[in-house]
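Structure data follow from run-v2.cif (mmCIF, C-alpha atoms):
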```
data_my_file
#
loop_
_atom_site.group_PDB
_atom_site.id
_atom_site.type_symbol
_atom_site.label_atom_id
_atom_site.label_comp_id
_atom_site.auth_asym_id
_atom_site.auth_seq_id
_atom_site.Cartn_x
_atom_site.Cartn_y
_atom_site.Cartn_z
ATOM 1 C CA MET N 1 48.755 35.537 -105.979
ATOM 2 C CA ALA N 2 52.088 33.842 -105.243
ATOM 3 C CA GLN N 3 52.977 33.887 -108.932
ATOM 4 C CA LEU N 4 52.093 37.584 -109.196
ATOM 5 C CA TYR N 5 54.173 38.326 -106.125
ATOM 6 C CA ASP N 6 57.133 36.350 -107.461
ATOM 7 C CA ARG N 7 56.937 38.106 -110.805
ATOM 8 C CA TYR N 8 56.300 41.715 -109.715
ATOM 9 C CA SER N 9 57.567 42.088 -106.149
ATOM 10 C CA GLY N 10 61.052 43.031 -107.365
ATOM 11 C CA ILE N 11 59.863 46.018 -109.377
ATOM 12 C CA VAL N 12 57.410 47.163 -106.689
ATOM 13 C CA TYR N 13 60.159 47.007 -104.088
ATOM 14 C CA SER N 14 62.760 48.714 -106.288
ATOM 15 C CA VAL N 15 60.394 51.577 -107.182
ATOM 16 C CA ALA N 16 59.549 52.110 -103.508
ATOM 17 C CA LEU N 17 63.209 51.897 -102.501
ATOM 18 C CA ARG N 18 64.288 54.419 -105.154
ATOM 19 C CA VAL N 19 61.672 56.896 -104.016
ATOM 20 C CA LEU N 20 62.044 56.358 -100.267
ATOM 21 C CA GLY N 21 65.714 55.427 -99.927
ATOM 22 C CA ASP N 22 64.814 53.276 -96.906
ATOM 23 C CA THR N 23 64.582 49.481 -97.062
ATOM 24 C CA GLY N 24 62.106 49.188 -94.193
ATOM 25 C CA ALA N 25 59.749 51.765 -95.686
ATOM 26 C CA ALA N 26 60.094 50.142 -99.127
ATOM 27 C CA GLU N 27 59.158 46.764 -97.629
ATOM 28 C CA ASP N 28 56.081 48.370 -96.059
ATOM 29 C CA VAL N 29 55.045 49.786 -99.440
ATOM 30 C CA LEU N 30 55.602 46.375 -101.053
ATOM 31 C CA GLN N 31 53.306 44.764 -98.501
ATOM 32 C CA GLU N 32 50.657 47.486 -98.825
ATOM 33 C CA VAL N 33 50.567 47.248 -102.628
ATOM 34 C CA PHE N 34 50.108 43.478 -102.678
ATOM 35 C CA MET N 35 47.578 43.595 -99.833
ATOM 36 C CA GLN N 36 45.581 46.134 -101.861
ATOM 37 C CA LEU N 37 45.691 43.825 -104.884
ATOM 38 C CA TRP N 38 44.704 40.843 -102.722
ATOM 39 C CA ARG N 39 41.772 42.641 -101.067
ATOM 40 C CA ASN N 40 40.460 44.312 -104.189
ATOM 41 C CA PRO N 41 41.705 42.679 -107.418
ATOM 42 C CA GLY N 42 38.931 44.376 -109.401
ATOM 43 C CA VAL N 43 40.725 47.731 -109.115
ATOM 44 C CA PHE N 44 43.088 46.670 -111.883
ATOM 45 C CA ASP N 45 41.579 47.048 -115.367
ATOM 46 C CA SER N 46 43.556 45.040 -117.917
ATOM 47 C CA SER N 47 41.979 46.963 -120.794
ATOM 48 C CA ARG N 48 43.844 50.094 -119.629
ATOM 49 C CA GLY N 49 47.327 48.563 -119.477
ATOM 50 C CA ASN N 50 49.581 45.851 -118.105
ATOM 51 C CA LEU N 51 49.771 44.774 -114.468
ATOM 52 C CA GLY N 52 53.514 45.428 -113.994
ATOM 53 C CA PRO N 53 53.490 49.125 -114.844
ATOM 54 C CA TRP N 54 50.228 49.578 -112.916
ATOM 55 C CA LEU N 55 51.772 48.050 -109.792
ATOM 56 C CA ALA N 56 54.872 50.226 -110.238
ATOM 57 C CA VAL N 57 52.728 53.371 -110.390
ATOM 58 C CA ILE N 58 50.763 52.282 -107.304
ATOM 59 C CA ALA N 59 54.074 51.668 -105.501
ATOM 60 C CA ARG N 60 55.409 55.057 -106.588
ATOM 61 C CA ASN N 61 52.266 56.803 -105.375
ATOM 62 C CA ARG N 62 52.377 55.013 -102.011
ATOM 63 C CA ALA N 63 56.060 55.855 -101.647
ATOM 64 C CA ILE N 64 55.449 59.527 -102.465
ATOM 65 C CA ASP N 65 52.658 59.569 -99.891
ATOM 66 C CA GLY N 66 55.204 58.246 -97.403
ATOM 67 C CA LEU N 67 57.637 60.993 -98.397
ATOM 68 C CA ARG N 68 55.007 63.662 -97.945
ATOM 69 C CA LYS N 69 54.447 62.464 -94.407
ATOM 70 C CA ARG N 70 58.149 62.902 -93.683
ATOM 71 C CA ARG N 71 58.884 65.652 -96.270
ATOM 72 C CA PRO N 72 61.089 67.852 -94.018
ATOM 73 C CA GLU N 73 63.781 65.173 -93.762
ATOM 74 C CA THR N 74 63.758 63.959 -97.364
ATOM 75 C CA ASP N 75 64.600 65.611 -100.680
ATOM 76 C CA ILE N 76 63.475 63.607 -103.708
ATOM 77 C CA ALA N 77 64.987 65.803 -106.397
ATOM 78 C CA ASP N 78 67.329 63.038 -107.581
ATOM 79 C CA VAL N 79 64.865 60.135 -107.511
ATOM 80 C CA VAL N 80 64.752 58.145 -110.736
ATOM 81 C CA VAL N 81 61.889 55.731 -111.223
ATOM 82 C CA SER N 82 61.223 53.593 -114.245
ATOM 83 C CA VAL N 83 58.022 51.881 -115.292
ATOM 84 C CA GLU N 84 58.562 49.186 -117.840
ATOM 85 C CA PRO N 85 56.204 47.145 -120.021
ATOM 86 C CA ASP N 86 57.890 43.798 -119.265
ATOM 87 C CA LEU N 87 60.009 43.572 -116.162
ATOM 88 C CA ALA N 88 61.451 40.103 -116.785
ATOM 89 C CA SER N 89 65.046 40.996 -117.674
ATOM 90 C CA GLU N 90 67.766 43.568 -117.270
ATOM 91 C CA THR N 91 67.988 43.872 -121.055
ATOM 92 C CA GLU N 92 64.376 44.985 -121.250
ATOM 93 C CA ARG N 93 64.914 47.390 -118.376
ATOM 94 C CA GLY N 94 67.796 48.933 -120.299
ATOM 95 C CA ARG N 95 65.703 49.243 -123.440
ATOM 96 C CA ALA N 96 62.828 50.797 -121.513
ATOM 97 C CA MET N 97 65.140 53.329 -119.842
ATOM 98 C CA HIS N 98 66.644 54.159 -123.236
ATOM 99 C CA LYS N 99 63.144 54.759 -124.643
ATOM 100 C CA VAL N 100 62.164 56.953 -121.695
ATOM 101 C CA ARG N 101 65.368 58.994 -121.918
ATOM 102 C CA SER N 102 64.961 59.343 -125.674
ATOM 103 C CA VAL N 103 61.357 60.537 -125.424
ATOM 104 C CA LEU N 104 62.160 62.893 -122.541
ATOM 105 C CA GLY N 105 65.111 64.254 -124.508
ATOM 106 C CA SER N 106 62.920 64.997 -127.512
ATOM 107 C CA MET N 107 60.296 66.888 -125.480
ATOM 108 C CA PRO N 108 60.293 70.652 -125.224
ATOM 109 C CA ALA N 109 62.016 71.733 -121.999
ATOM 110 C CA ARG N 110 58.859 73.106 -120.361
ATOM 111 C CA GLN N 111 56.909 69.927 -121.085
ATOM 112 C CA ARG N 112 59.707 67.716 -119.762
ATOM 113 C CA SER N 113 60.032 69.885 -116.663
ATOM 114 C CA ALA N 114 56.291 69.710 -115.899
ATOM 115 C CA LEU N 115 56.306 65.931 -116.339
ATOM 116 C CA GLU N 116 59.371 65.523 -114.117
ATOM 117 C CA MET N 117 57.862 67.699 -111.378
ATOM 118 C CA ALA N 118 54.656 65.668 -111.450
ATOM 119 C CA TYR N 119 56.290 62.264 -111.602
ATOM 120 C CA PHE N 120 59.561 62.556 -109.729
ATOM 121 C CA GLU N 121 58.688 65.265 -107.217
ATOM 122 C CA GLY N 122 55.093 64.154 -106.751
ATOM 123 C CA LEU N 123 53.719 67.663 -107.235
ATOM 124 C CA SER N 124 50.077 68.133 -108.158
ATOM 125 C CA HIS N 125 49.085 70.023 -111.287
ATOM 126 C CA SER N 126 48.164 73.084 -109.210
ATOM 127 C CA GLU N 127 51.470 72.963 -107.318
ATOM 128 C CA ILE N 128 53.339 72.871 -110.636
ATOM 129 C CA ALA N 129 51.279 75.796 -111.947
ATOM 130 C CA SER N 130 52.101 77.791 -108.808
ATOM 131 C CA LYS N 131 55.784 76.883 -108.974
ATOM 132 C CA THR N 132 56.152 77.744 -112.669
ATOM 133 C CA GLY N 133 53.693 80.641 -112.806
ATOM 134 C CA GLU N 134 51.910 79.024 -115.750
ATOM 135 C CA PRO N 135 48.135 78.527 -116.117
ATOM 136 C CA LEU N 136 46.790 75.261 -114.693
ATOM 137 C CA GLY N 137 45.360 74.226 -118.073
ATOM 138 C CA THR N 138 48.754 74.647 -119.718
ATOM 139 C CA VAL N 139 50.411 72.456 -117.093
ATOM 140 C CA LYS N 140 47.757 69.759 -117.495
ATOM 141 C CA THR N 141 48.100 69.833 -121.287
ATOM 142 C CA ARG N 142 51.889 69.548 -121.131
ATOM 143 C CA ILE N 143 51.807 66.626 -118.728
ATOM 144 C CA ARG N 144 49.132 64.783 -120.680
ATOM 145 C CA GLY N 145 50.996 65.330 -123.947
ATOM 146 C CA GLY N 146 54.231 64.060 -122.407
ATOM 147 C CA LEU N 147 52.535 60.957 -121.037
ATOM 148 C CA MET N 148 50.974 60.294 -124.414
ATOM 149 C CA MET N 149 54.399 60.558 -126.061
ATOM 150 C CA LEU N 150 55.818 58.052 -123.570
ATOM 151 C CA ARG N 151 52.889 55.707 -124.031
ATOM 152 C CA LYS N 152 53.257 55.834 -127.806
ATOM 153 C CA ALA N 153 56.954 54.947 -127.509
ATOM 154 C CA PHE N 154 56.097 51.792 -125.559
ATOM 155 C CA GLN N 155 53.343 50.740 -127.943
ATOM 156 C CA THR N 156 55.726 50.465 -130.886
#
```

Kindly return the structure encoded in the file as structure tokens.
Amino acid sequence: MAQLYDRYSGIVYSVALRVLGDTGAAEDVLQEVFMQLWRNPGVFDSSRGNLGPWLAVIARNRAIDGLRKRRPETDIADVVVSVEPDLASETERGRAMHKVRSVLGSMPARQRSALEMAYFEGLSHSEIASKTGEPLGTVKTRIRGGLMMLRKAFQT
């Protein structure tokens, strides 16, 4: 567990800090994420992906939950969060961000917008459908397609 913490605590903390903008709250998320992993390690399924990105998504979700609790005082419109396949070096982080930006830039505007609302604003599919006036199925399809495009970019 100590090795996992040493390797992934930086990304978990940085994701939480970027979303929350508060060091104390980010530290709480860091602790919660690793306590969850400690208590229930079977939740992670290695056949579905790597541990680093999974922990980053868990941290992002916990941080967004924290924002929802204090939503009136926080605007997360400018939050940028990255999930990377290997978090060992700044060079890889740069490459991952370049890939994400490239894939997002190549997406149709409506697909990119739906994905950004879901990921960066933490909106549910139904909230996005209400906000955009589009059918729920269309929103789900756009988000899934965008995630598949991002996944494909990281598999090559």

Quiz item: What does the PyMOL selection byres ((chain N and resi 13-22) around 7) select in this file, as a count of residues only?
Solution: 21

On this structure, which residues satisfy the PyMOL selection byres ((chain N and resi 104-111) around 12), written as a compact mmCIF listing (two decimals) with C-alpha atoms, keeping the file's coordinate frame?
```txt
# COMPACT_ATOMS: atom_id res chain seq x y z
CA MET N 97 65.14 53.33 -119.84
CA HIS N 98 66.64 54.16 -123.24
CA LYS N 99 63.14 54.76 -124.64
CA VAL N 100 62.16 56.95 -121.70
CA ARG N 101 65.37 58.99 -121.92
CA SER N 102 64.96 59.34 -125.67
CA VAL N 103 61.36 60.54 -125.42
CA ARG N 112 59.71 67.72 -119.76
CA SER N 113 60.03 69.89 -116.66
CA ALA N 114 56.29 69.71 -115.90
CA LEU N 115 56.31 65.93 -116.34
CA GLU N 116 59.37 65.52 -114.12
CA MET N 117 57.86 67.70 -111.38
CA ALA N 118 54.66 65.67 -111.45
CA ILE N 128 53.34 72.87 -110.64
CA ALA N 129 51.28 75.80 -111.95
CA THR N 132 56.15 77.74 -112.67
CA GLY N 133 53.69 80.64 -112.81
CA GLU N 134 51.91 79.02 -115.75
CA THR N 138 48.75 74.65 -119.72
CA VAL N 139 50.41 72.46 -117.09
CA LYS N 140 47.76 69.76 -117.50
CA THR N 141 48.10 69.83 -121.29
CA ARG N 142 51.89 69.55 -121.13
CA ILE N 143 51.81 66.63 -118.73
CA ARG N 144 49.13 64.78 -120.68
CA GLY N 145 51.00 65.33 -123.95
CA GLY N 146 54.23 64.06 -122.41
CA LEU N 147 52.54 60.96 -121.04
CA MET N 148 50.97 60.29 -124.41
CA MET N 149 54.40 60.56 -126.06
CA LEU N 150 55.82 58.05 -123.57
CA ARG N 151 52.89 55.71 -124.03
CA ALA N 153 56.95 54.95 -127.51
```

Practice problem: Please measure the separation of CA of Leu55 in chain N and CA of Lys131 in chain N, giving the value in Å to one decimal. | Solution: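 So the answer is 29.1 Å.
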
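Between CA of Asp65 in chain N and CA of Phe34 in chain N lies a distance of 16.5 Å.
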
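Taking CA of Ser47 in chain N as the reference point, CA of Phe154 in chain N is found at 15.7 Å.
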
Quiz prompt | Top pick for closest residue to Arg7 in chain N, considering N:Lys152, N:Leu51, N:Glu92, N:Arg62 and counting all atoms listed in the file | solution =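 Using all atoms listed in the file, Arg7 in chain N sits closest to N:Leu51.
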
Self-check item: Nearest candidate to Arg39 in chain N (options N:Met1, N:Pro53, N:Tyr119, N:Gly94; using all atoms listed in the file)
Solution: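 So, comparing all the options, the nearest one is N:Met1.
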
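Near (44.9, 38.0, -106.7), the residues inside the 10 Å limit, counting only C-alpha atoms, come to Met1, Ala2, Gln3, Leu4, Tyr5, Phe34, Met35, Gln36, Leu37, Trp38, Arg39, Asn40, Pro41 and Gly42 of chain N.
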